Amino acid sequence: MSIRDIENSIIQYLKDKFPQFLVQGFPEKPQEFILLHPVGAILVHYRGGNYSQTDAINFISQDKNLNFAITVVTRNLRNNNGAYETLDKVKQYLCGYKIPECTKLTPNKEGFISETNGIWQYEIEFRLSTPSIEEMEEI
């Protein structure tokens with residue numbers, strides 16, 4: 001399964017769980033993102049990954065461990081639909097969520113990003129694994 005397919009699966013799942021929010025992939029130019037939505041936004045992007053070791057001699061088969069970040073952007077911190085509540089709900093919904101051909105999503109870390117003029121940003125990172133298998137040439 002490709003990075004884009006996994007990201008799209010997470011986005012669609014969160015859209016279903018958070019109809020009151022703008023849910024989309026992280027903007028191509030984050031510095032130009034302006035929160036226009038009246039409630040807030042949930043932004044998803046691939047953070048990076050690594051591969052497991054392999055002792056294979058004739059055939060490479062590894063686990064690809066991928067990290068996806070979910071950025072929560074809200075107009076308040078503690079009220080309904082605020083950063084804290086939304087961050088907790090994202091963790092609750094995504095923890096254990098299973099995408100085909102992948103392990104279940106596992107929370108990795110979360111934290112404060114910024115606050116500007118009452119717009120709060122927090123991020124929670126999730127990890128999953130998917131097989132990375134050598135493409136065999138036909139003889």
# chains A, B, ... in the order shown; residues from 1 in each chain; ligands from 1

call {"tool": "closest_atom_pairs", "arguments": {"of": "region 65-127 of chain A", "to": "region 14-24 of chain A", "cutoff": "9 Å", "atoms": "only C-alpha atoms", "output": "CSV"}}
result
residue,atom,partner,partner_atom,distance
A:Asn81,CA,A:Gln20,CA,8.9
A:Val90,CA,A:Leu14,CA,7.8
A:Tyr93,CA,A:Lys17,CA,7.7
A:Leu94,CA,A:Leu14,CA,8.2

call {"tool": "write_last_selection", "arguments": {"atoms": "N, CA and C atoms", "output": "PDB file, in the first residue's frame"}}
result
ATOM      1  N   ASN A  81     -14.886  21.295  21.106  1.00  0.00           N
ATOM      2  CA  ASN A  81     -14.138  21.323  19.853  1.00  0.00           C
ATOM      3  C   ASN A  81     -12.821  22.090  19.967  1.00  0.00           C
ATOM      4  N   VAL A  90      -9.046  12.437  18.474  1.00  0.00           N
ATOM      5  CA  VAL A  90      -8.244  11.889  17.383  1.00  0.00           C
ATOM      6  C   VAL A  90      -7.506  10.653  17.874  1.00  0.00           C
ATOM      7  N   TYR A  93     -10.009   7.719  18.348  1.00  0.00           N
ATOM      8  CA  TYR A  93     -10.510   7.131  17.107  1.00  0.00           C
ATOM      9  C   TYR A  93      -9.429   6.401  16.313  1.00  0.00           C
ATOM     10  N   LEU A  94      -8.226   6.970  16.252  1.00  0.00           N
ATOM     11  CA  LEU A  94      -7.191   6.371  15.410  1.00  0.00           C
ATOM     12  C   LEU A  94      -6.418   5.243  16.093  1.00  0.00           C
TER      13      LEU A  94
END

call {"tool": "residues_around", "arguments": {"residues": "Cys102 (chain A)", "least_positions_apart": "2", "cutoff": "7 Å", "atoms": "only C-alpha atoms", "output": "PyMOL selection string"}}
result
chain A and resi 98-100+104+128-130

call {"tool": "closest_residue", "arguments": {"among": "A:Ile57, A:Leu87, A:Leu35, A:Cys95", "to": "Arg75 (chain A)", "atoms": "only C-alpha atoms"}}
result
A:Leu35

call {"tool": "closest_residue", "arguments": {"among": "A:Arg4, A:Thr86, A:Leu66, A:Gln12", "to": "Ala41 (chain A)", "atoms": "only C-alpha atoms"}}
result
A:Thr86

call {"tool": "select_by_dssp", "arguments": {"residues": "region 39-90 of chain A", "states": "strand (DSSP E)", "output": "ChimeraX atom specification"}}
result
/A:40-51,61-74

call {"tool": "atom_distance", "arguments": {"atom1": "CA of Glu125 (chain A)", "atom2": "CA of Tyr51 (chain A)"}}
result
17.7 Å

call {"tool": "atom_distance", "arguments": {"atom1": "CA of Met1 (chain A)", "atom2": "CA of Pro131 (chain A)"}}
result
8.6 Å

call {"tool": "closest_residue", "arguments": {"among": "A:Phe68, A:Ser61, A:Phe112, A:Asp55", "to": "Gly25 (chain A)", "atoms": "only C-alpha atoms"}}
result
A:Phe68

call {"tool": "closest_residue", "arguments": {"among": "A:Asn108, A:Gln121, A:Asn50, A:Leu77", "to": "Gln62 (chain A)", "atoms": "only C-alpha atoms"}}
result
A:Asn50

call {"tool": "atom_distance", "arguments": {"atom1": "CA of Lys89 (chain A)", "atom2": "CA of Glu110 (chain A)"}}
result
12.8 Å

call {"tool": "residues_around", "arguments": {"residues": "Ile119 (chain A)", "least_positions_apart": "2", "cutoff": "12 Å", "atoms": "only C-alpha atoms", "output": "JSON, numbers by chain"}}
result
{"A": [33, 34, 35, 36, 37, 38, 39, 40, 41, 72, 73, 74, 75, 76, 77, 82, 83, 112, 113, 114, 115, 116, 117, 121, 122]}

call {"tool": "closest_residue", "arguments": {"among": "A:Ile3, A:Val44, A:Phe126, A:Gly111", "to": "Lys64 (chain A)", "atoms": "only C-alpha atoms"}}
result
A:Ile3

call {"tool": "select_by_dssp", "arguments": {"residues": "region 10-128 of chain A", "states": "helix (DSSP H, G or I)", "output": "ChimeraX atom specification"}}
result
/A:10-17,30-32,83-94

call {"tool": "closest_residue", "arguments": {"among": "A:Arg127, A:Asn65, A:Asn79, A:Thr54", "to": "Tyr97 (chain A)", "atoms": "only C-alpha atoms"}}
result
A:Arg127
